[in-house]
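Data block for upload12.cif (mmCIF, C-alpha atoms; chains and numbers go by the auth columns):
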```
data_query
loop_
_atom_site.group_PDB
_atom_site.id
_atom_site.type_symbol
_atom_site.label_atom_id
_atom_site.label_comp_id
_atom_site.label_asym_id
_atom_site.label_seq_id
_atom_site.Cartn_x
_atom_site.Cartn_y
_atom_site.Cartn_z
_atom_site.B_iso_or_equiv
_atom_site.auth_seq_id
_atom_site.auth_asym_id
ATOM 1 C CA MET A 1 0.000 0.000 0.000 0.00 1 A
ATOM 2 C CA ASP A 2 1.258 3.479 -0.821 0.00 2 A
ATOM 3 C CA GLY A 3 -0.107 5.017 2.386 0.00 3 A
ATOM 4 C CA ASN A 4 -2.750 7.078 0.581 0.00 4 A
ATOM 5 C CA LEU A 5 -6.414 6.830 1.419 0.00 5 A
ATOM 6 C CA ILE A 6 -9.171 8.523 -0.576 0.00 6 A
ATOM 7 C CA LEU A 7 -12.460 9.300 1.137 0.00 7 A
ATOM 8 C CA ARG A 8 -15.241 10.250 -1.286 0.00 8 A
ATOM 9 C CA ALA A 9 -18.287 12.179 -0.150 0.00 9 A
ATOM 10 C CA ALA A 10 -21.411 12.955 -2.162 0.00 10 A
ATOM 11 C CA GLY A 11 -24.658 14.800 -1.626 0.00 11 A
ATOM 12 C CA GLU A 12 -25.180 16.965 1.434 0.00 12 A
ATOM 13 C CA ILE A 13 -22.882 17.252 4.431 0.00 13 A
ATOM 14 C CA ASP A 14 -24.945 18.672 7.265 0.00 14 A
ATOM 15 C CA GLY A 15 -26.218 17.836 10.726 0.00 15 A
ATOM 16 C CA ASP A 16 -28.195 14.881 9.407 0.00 16 A
ATOM 17 C CA THR A 17 -25.253 13.257 7.604 0.00 17 A
ATOM 18 C CA ILE A 18 -22.221 14.389 9.588 0.00 18 A
ATOM 19 C CA ARG A 19 -21.986 11.129 11.534 0.00 19 A
ATOM 20 C CA LEU A 20 -21.308 9.259 8.262 0.00 20 A
ATOM 21 C CA LEU A 21 -18.424 11.581 7.390 0.00 21 A
ATOM 22 C CA ASP A 22 -17.092 11.501 10.936 0.00 22 A
ATOM 23 C CA ASP A 23 -17.067 7.686 11.037 0.00 23 A
ATOM 24 C CA ALA A 24 -15.505 7.383 7.578 0.00 24 A
ATOM 25 C CA ALA A 25 -12.859 9.993 8.408 0.00 25 A
ATOM 26 C CA ALA A 26 -11.930 8.219 11.636 0.00 26 A
ATOM 27 C CA LYS A 27 -11.452 4.946 9.741 0.00 27 A
ATOM 28 C CA ALA A 28 -9.451 6.728 7.037 0.00 28 A
ATOM 29 C CA ILE A 29 -7.134 8.312 9.576 0.00 29 A
ATOM 30 C CA GLU A 30 -6.589 4.942 11.260 0.00 30 A
ATOM 31 C CA SER A 31 -5.842 3.224 7.939 0.00 31 A
ATOM 32 C CA ALA A 32 -3.683 5.819 6.186 0.00 32 A
ATOM 33 C CA SER A 33 0.029 6.084 6.747 0.00 33 A
ATOM 34 C CA ALA A 34 0.830 9.153 4.645 0.00 34 A
ATOM 35 C CA LEU A 35 -2.057 10.981 2.967 0.00 35 A
ATOM 36 C CA VAL A 36 -5.810 11.312 3.358 0.00 36 A
ATOM 37 C CA VAL A 37 -7.699 12.865 0.451 0.00 37 A
ATOM 38 C CA VAL A 38 -11.282 13.959 1.061 0.00 38 A
ATOM 39 C CA ASP A 39 -12.910 14.086 -2.371 0.00 39 A
ATOM 40 C CA LEU A 40 -15.769 16.599 -2.298 0.00 40 A
ATOM 41 C CA THR A 41 -16.311 16.690 -6.059 0.00 41 A
ATOM 42 C CA ASP A 42 -19.872 15.347 -5.806 0.00 42 A
ATOM 43 C CA VAL A 43 -20.931 17.274 -2.703 0.00 43 A
ATOM 44 C CA THR A 44 -23.972 19.499 -3.252 0.00 44 A
ATOM 45 C CA PHE A 45 -24.061 21.267 0.135 0.00 45 A
ATOM 46 C CA ILE A 46 -21.829 21.704 3.171 0.00 46 A
ATOM 47 C CA GLY A 47 -23.272 23.171 6.345 0.00 47 A
ATOM 48 C CA SER A 48 -21.348 24.556 9.292 0.00 48 A
ATOM 49 C CA THR A 49 -21.154 21.107 10.886 0.00 49 A
ATOM 50 C CA GLY A 50 -19.465 19.818 7.728 0.00 50 A
ATOM 51 C CA LEU A 51 -16.940 22.654 7.730 0.00 51 A
ATOM 52 C CA ASN A 52 -16.211 22.050 11.409 0.00 52 A
ATOM 53 C CA GLU A 53 -15.678 18.369 10.654 0.00 53 A
ATOM 54 C CA LEU A 54 -13.193 19.178 7.884 0.00 54 A
ATOM 55 C CA LEU A 55 -11.252 21.373 10.308 0.00 55 A
ATOM 56 C CA ALA A 56 -11.309 18.663 12.979 0.00 56 A
ATOM 57 C CA VAL A 57 -10.126 16.008 10.517 0.00 57 A
ATOM 58 C CA THR A 58 -7.355 18.334 9.352 0.00 58 A
ATOM 59 C CA GLU A 59 -6.174 18.804 12.935 0.00 59 A
ATOM 60 C CA GLU A 60 -6.347 15.072 13.663 0.00 60 A
ATOM 61 C CA CYS A 61 -4.275 14.337 10.571 0.00 61 A
ATOM 62 C CA ARG A 62 -1.684 16.900 11.619 0.00 62 A
ATOM 63 C CA ALA A 63 -1.505 15.353 15.084 0.00 63 A
ATOM 64 C CA ARG A 64 -0.813 11.962 13.480 0.00 64 A
ATOM 65 C CA GLU A 65 1.665 13.435 10.998 0.00 65 A
ATOM 66 C CA LEU A 66 -0.588 12.675 8.051 0.00 66 A
ATOM 67 C CA THR A 67 -1.254 15.033 5.161 0.00 67 A
ATOM 68 C CA LEU A 68 -4.905 15.862 4.478 0.00 68 A
ATOM 69 C CA VAL A 69 -5.915 17.436 1.177 0.00 69 A
ATOM 70 C CA ILE A 70 -9.443 18.227 0.059 0.00 70 A
ATOM 71 C CA ALA A 71 -10.214 17.656 -3.612 0.00 71 A
ATOM 72 C CA ALA A 72 -12.730 20.259 -4.773 0.00 72 A
ATOM 73 C CA PRO A 73 -12.686 21.285 -8.432 0.00 73 A
ATOM 74 C CA PRO A 74 -12.946 24.973 -9.355 0.00 74 A
ATOM 75 C CA GLY A 75 -16.595 25.964 -9.581 0.00 75 A
ATOM 76 C CA SER A 76 -17.780 23.093 -7.385 0.00 76 A
ATOM 77 C CA VAL A 77 -20.157 23.721 -4.489 0.00 77 A
ATOM 78 C CA ALA A 78 -17.582 22.502 -1.986 0.00 78 A
ATOM 79 C CA ARG A 79 -14.885 24.812 -3.300 0.00 79 A
ATOM 80 C CA ARG A 80 -17.175 27.836 -3.247 0.00 80 A
ATOM 81 C CA ILE A 81 -18.243 27.097 0.328 0.00 81 A
ATOM 82 C CA VAL A 82 -14.625 26.734 1.495 0.00 82 A
ATOM 83 C CA GLU A 83 -13.741 30.021 -0.204 0.00 83 A
ATOM 84 C CA ILE A 84 -16.780 31.920 1.114 0.00 84 A
ATOM 85 C CA SER A 85 -16.419 30.561 4.655 0.00 85 A
ATOM 86 C CA GLY A 86 -12.919 31.999 5.012 0.00 86 A
ATOM 87 C CA LEU A 87 -11.387 28.555 5.549 0.00 87 A
ATOM 88 C CA TRP A 88 -9.294 28.638 2.383 0.00 88 A
ATOM 89 C CA ASP A 89 -6.141 29.419 4.387 0.00 89 A
ATOM 90 C CA HIS A 90 -6.854 26.661 6.923 0.00 90 A
ATOM 91 C CA LEU A 91 -7.585 23.761 4.585 0.00 91 A
ATOM 92 C CA ALA A 92 -5.378 22.324 1.853 0.00 92 A
ATOM 93 C CA VAL A 93 -7.535 22.283 -1.291 0.00 93 A
ATOM 94 C CA ALA A 94 -6.615 20.749 -4.644 0.00 94 A
ATOM 95 C CA ASP A 95 -8.429 20.899 -7.977 0.00 95 A
ATOM 96 C CA SER A 96 -8.640 17.093 -8.271 0.00 96 A
ATOM 97 C CA VAL A 97 -7.830 13.846 -6.507 0.00 97 A
ATOM 98 C CA SER A 98 -4.733 13.373 -8.671 0.00 98 A
ATOM 99 C CA GLU A 99 -3.461 16.844 -7.726 0.00 99 A
ATOM 100 C CA ALA A 100 -4.186 16.101 -4.066 0.00 100 A
ATOM 101 C CA ILE A 101 -2.159 12.883 -4.264 0.00 101 A
ATOM 102 C CA SER A 102 0.746 14.798 -5.755 0.00 102 A
ATOM 103 C CA ARG A 103 0.909 16.901 -2.554 0.00 103 A
ATOM 104 C CA ARG A 104 1.933 13.927 -0.451 0.00 104 A
ATOM 105 C CA ARG A 105 4.789 14.798 1.903 0.00 105 A
#
```

Translate the structure described by the file into C-alpha cells.
Amino acid sequence: MDGNLILRAAGEIDGDTIRLLDDAAAKAIESASALVVVDLTDVTFIGSTGLNELLAVTEECRARELTLVIAAPPGSVARRIVEISGLWDHLAVADSVSEAISRRR
C-alpha cells in the first residue's frame, strides 16, 4: 500500500449526515500512513457542521503526521463554500484527486 487513502463524499454534508463523514474519516485516519484525500467533487451542500468536521479532521491528521488534502474542483459547491467561509487558508484544497495525491509529503 502506498499510504494514501481517498475518502469520497457525495450529496449533502450537514447535521443529518455528519456522523457518516465523521465515522468514515476516523477509519481513514486509522488506515492511512501518509495521505488522506477527502474528495468533495460530488458534494452538493456543506453546512457549518461539515466545515467544522473538515477542520477537525485536518487537525487530527496533523496530530498523526498525516497530510490531508481536500479535492474540490474549481466551480464546485464545496470549493465555493470553502472560499466563502474563510477557511481557504486553513484547509489544503486541490483541484482534483490526482493533484491532491501529488501533494503527499

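Distances from A:Ala56, A:Pro73, A:Asn4, A:Arg79 to Ala26 (chain A) were compared using all atoms listed in the file, and the smallest one belongs to A:Ala56.
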
Check your understanding: For the file shown, what are the residues hit by the PyMOL selection byres ((chain A and resi 50) around 12), laid out as a ChimeraX atom specification?
Key -> /A:9,11-22,25,40,43-49,51-57,78,81-82,85

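The space separating CA of Asp42 (chain A) from CA of Glu65 (chain A) comes to 27.4 Å.
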
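Distances from A:Ala10, A:Ala92, A:Leu68, A:Ile84 to Ala34 (chain A) were compared using only C-alpha atoms, and the smallest one belongs to A:Leu68.
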
Practice item. Write out as a PyMOL selection string which residues come within 10 Å of Thr67 (chain A) when counting all atoms listed in the file, dropping same-chain ones fewer than 4 positions away. Key: chain A and resi 4+29+32-37+58-63+92+100-101+103-105

Exercise for review: Just say which residues the PyMOL selection byres ((chain A and resi 94) around 7) picks in this file, as an MDAnalysis selection string.
Suggested key: chainID A and resid 69:72 92:93 95:96 99:100

Put the listed atoms of region 90-100 of chain A in a box along x, y and z with 6 Å added on every side and give me the centre and edge lengths in Å to one decimal, as lines of an AutoDock Vina configuration file.
```
center_x = -6.1
center_y = 20.0
center_z = -0.9
size_x = 17.2
size_y = 25.3
size_z = 27.6
```

Check your understanding: A:Val97, A:Leu91, A:Ala24, A:Leu5: which is nearest Asp39 (chain A), counting all atoms listed in the file?
Key -> A:Val97

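We find CA of Gly75 (chain A) and CA of His90 (chain A) to be spaced 19.2 Å apart.
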
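For the pair CA of Val38 (chain A) and CA of Ile6 (chain A), the interatomic distance is 6.1 Å.
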
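Nearest to Thr41 (chain A) of all the residues A:Arg64, A:Ser76, A:Leu87, A:Asp2 is A:Ser76, based on all atoms listed in the file.
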
Atoms added to region 36-60 of chain A (N, CA, C and O atoms), reported as an mmCIF file, in the coordinates of the input:
```cif
data_model
loop_
_atom_site.group_PDB
_atom_site.id
_atom_site.type_symbol
_atom_site.label_atom_id
_atom_site.label_comp_id
_atom_site.auth_asym_id
_atom_site.auth_seq_id
_atom_site.Cartn_x
_atom_site.Cartn_y
_atom_site.Cartn_z
ATOM 1 N N VAL A 36 -4.361 11.501 3.424
ATOM 2 C CA VAL A 36 -5.810 11.312 3.358
ATOM 3 C C VAL A 36 -6.338 12.380 2.411
ATOM 4 O O VAL A 36 -6.077 13.570 2.600
ATOM 5 N N VAL A 37 -7.051 11.946 1.382
ATOM 6 C CA VAL A 37 -7.699 12.865 0.451
ATOM 7 C C VAL A 37 -9.200 12.774 0.695
ATOM 8 O O VAL A 37 -9.761 11.682 0.680
ATOM 9 N N VAL A 38 -9.825 13.905 0.935
ATOM 10 C CA VAL A 38 -11.282 13.959 1.061
ATOM 11 C C VAL A 38 -11.798 14.539 -0.250
ATOM 12 O O VAL A 38 -11.619 15.718 -0.541
ATOM 13 N N ASP A 39 -12.417 13.684 -1.059
ATOM 14 C CA ASP A 39 -12.910 14.086 -2.371
ATOM 15 C C ASP A 39 -14.329 14.632 -2.227
ATOM 16 O O ASP A 39 -15.267 13.894 -1.950
ATOM 17 N N LEU A 40 -14.471 15.932 -2.426
ATOM 18 C CA LEU A 40 -15.769 16.599 -2.298
ATOM 19 C C LEU A 40 -16.355 16.981 -3.655
ATOM 20 O O LEU A 40 -17.266 17.798 -3.733
ATOM 21 N N THR A 41 -15.869 16.371 -4.701
ATOM 22 C CA THR A 41 -16.311 16.690 -6.059
ATOM 23 C C THR A 41 -17.823 16.602 -6.214
ATOM 24 O O THR A 41 -18.441 17.451 -6.857
ATOM 25 N N ASP A 42 -18.440 15.578 -5.628
ATOM 26 C CA ASP A 42 -19.872 15.347 -5.806
ATOM 27 C C ASP A 42 -20.730 15.834 -4.646
ATOM 28 O O ASP A 42 -21.883 15.429 -4.499
ATOM 29 N N VAL A 43 -20.178 16.716 -3.826
ATOM 30 C CA VAL A 43 -20.931 17.274 -2.703
ATOM 31 C C VAL A 43 -21.776 18.441 -3.206
ATOM 32 O O VAL A 43 -21.300 19.301 -3.950
ATOM 33 N N THR A 44 -23.043 18.458 -2.801
ATOM 34 C CA THR A 44 -23.972 19.499 -3.252
ATOM 35 C C THR A 44 -24.249 20.566 -2.201
ATOM 36 O O THR A 44 -24.828 21.600 -2.506
ATOM 37 N N PHE A 45 -23.850 20.308 -0.952
ATOM 38 C CA PHE A 45 -24.061 21.267 0.135
ATOM 39 C C PHE A 45 -23.144 20.892 1.287
ATOM 40 O O PHE A 45 -22.962 19.711 1.578
ATOM 41 N N ILE A 46 -22.581 21.913 1.934
ATOM 42 C CA ILE A 46 -21.829 21.704 3.171
ATOM 43 C C ILE A 46 -22.301 22.746 4.169
ATOM 44 O O ILE A 46 -22.180 23.952 3.928
ATOM 45 N N GLY A 47 -22.851 22.270 5.274
ATOM 46 C CA GLY A 47 -23.272 23.171 6.345
ATOM 47 C C GLY A 47 -22.121 23.435 7.308
ATOM 48 O O GLY A 47 -21.006 22.928 7.137
ATOM 49 N N SER A 48 -22.396 24.209 8.327
ATOM 50 C CA SER A 48 -21.348 24.556 9.292
ATOM 51 C C SER A 48 -20.806 23.325 10.009
ATOM 52 O O SER A 48 -19.614 23.268 10.316
ATOM 53 N N THR A 49 -21.653 22.330 10.241
ATOM 54 C CA THR A 49 -21.154 21.107 10.886
ATOM 55 C C THR A 49 -20.161 20.384 9.969
ATOM 56 O O THR A 49 -19.181 19.819 10.446
ATOM 57 N N GLY A 50 -20.393 20.432 8.674
ATOM 58 C CA GLY A 50 -19.465 19.818 7.728
ATOM 59 C C GLY A 50 -18.139 20.548 7.692
ATOM 60 O O GLY A 50 -17.065 19.930 7.658
ATOM 61 N N LEU A 51 -18.178 21.871 7.709
ATOM 62 C CA LEU A 51 -16.940 22.654 7.730
ATOM 63 C C LEU A 51 -16.156 22.402 9.016
ATOM 64 O O LEU A 51 -14.932 22.248 8.988
ATOM 65 N N ASN A 52 -16.875 22.350 10.135
ATOM 66 C CA ASN A 52 -16.211 22.050 11.409
ATOM 67 C C ASN A 52 -15.570 20.671 11.380
ATOM 68 O O ASN A 52 -14.474 20.478 11.915
ATOM 69 N N GLU A 53 -16.235 19.723 10.765
ATOM 70 C CA GLU A 53 -15.678 18.369 10.654
ATOM 71 C C GLU A 53 -14.405 18.374 9.818
ATOM 72 O O GLU A 53 -13.422 17.720 10.168
ATOM 73 N N LEU A 54 -14.400 19.106 8.717
ATOM 74 C CA LEU A 54 -13.193 19.178 7.884
ATOM 75 C C LEU A 54 -12.029 19.783 8.658
ATOM 76 O O LEU A 54 -10.890 19.318 8.541
ATOM 77 N N LEU A 55 -12.301 20.788 9.468
ATOM 78 C CA LEU A 55 -11.252 21.373 10.308
ATOM 79 C C LEU A 55 -10.759 20.374 11.346
ATOM 80 O O LEU A 55 -9.555 20.246 11.581
ATOM 81 N N ALA A 56 -11.693 19.653 11.969
ATOM 82 C CA ALA A 56 -11.309 18.663 12.979
ATOM 83 C C ALA A 56 -10.481 17.533 12.368
ATOM 84 O O ALA A 56 -9.486 17.091 12.959
ATOM 85 N N VAL A 57 -10.874 17.075 11.195
ATOM 86 C CA VAL A 57 -10.126 16.008 10.517
ATOM 87 C C VAL A 57 -8.736 16.509 10.125
ATOM 88 O O VAL A 57 -7.750 15.791 10.258
ATOM 89 N N THR A 58 -8.654 17.749 9.682
ATOM 90 C CA THR A 58 -7.355 18.334 9.352
ATOM 91 C C THR A 58 -6.442 18.338 10.574
ATOM 92 O O THR A 58 -5.273 17.947 10.499
ATOM 93 N N GLU A 59 -6.969 18.757 11.703
ATOM 94 C CA GLU A 59 -6.174 18.804 12.935
ATOM 95 C C GLU A 59 -5.768 17.402 13.389
ATOM 96 O O GLU A 59 -4.636 17.193 13.834
ATOM 97 N N GLU A 60 -6.670 16.453 13.276
ATOM 98 C CA GLU A 60 -6.347 15.072 13.663
ATOM 99 C C GLU A 60 -5.254 14.507 12.768
ATOM 100 O O GLU A 60 -4.345 13.816 13.240
#
```
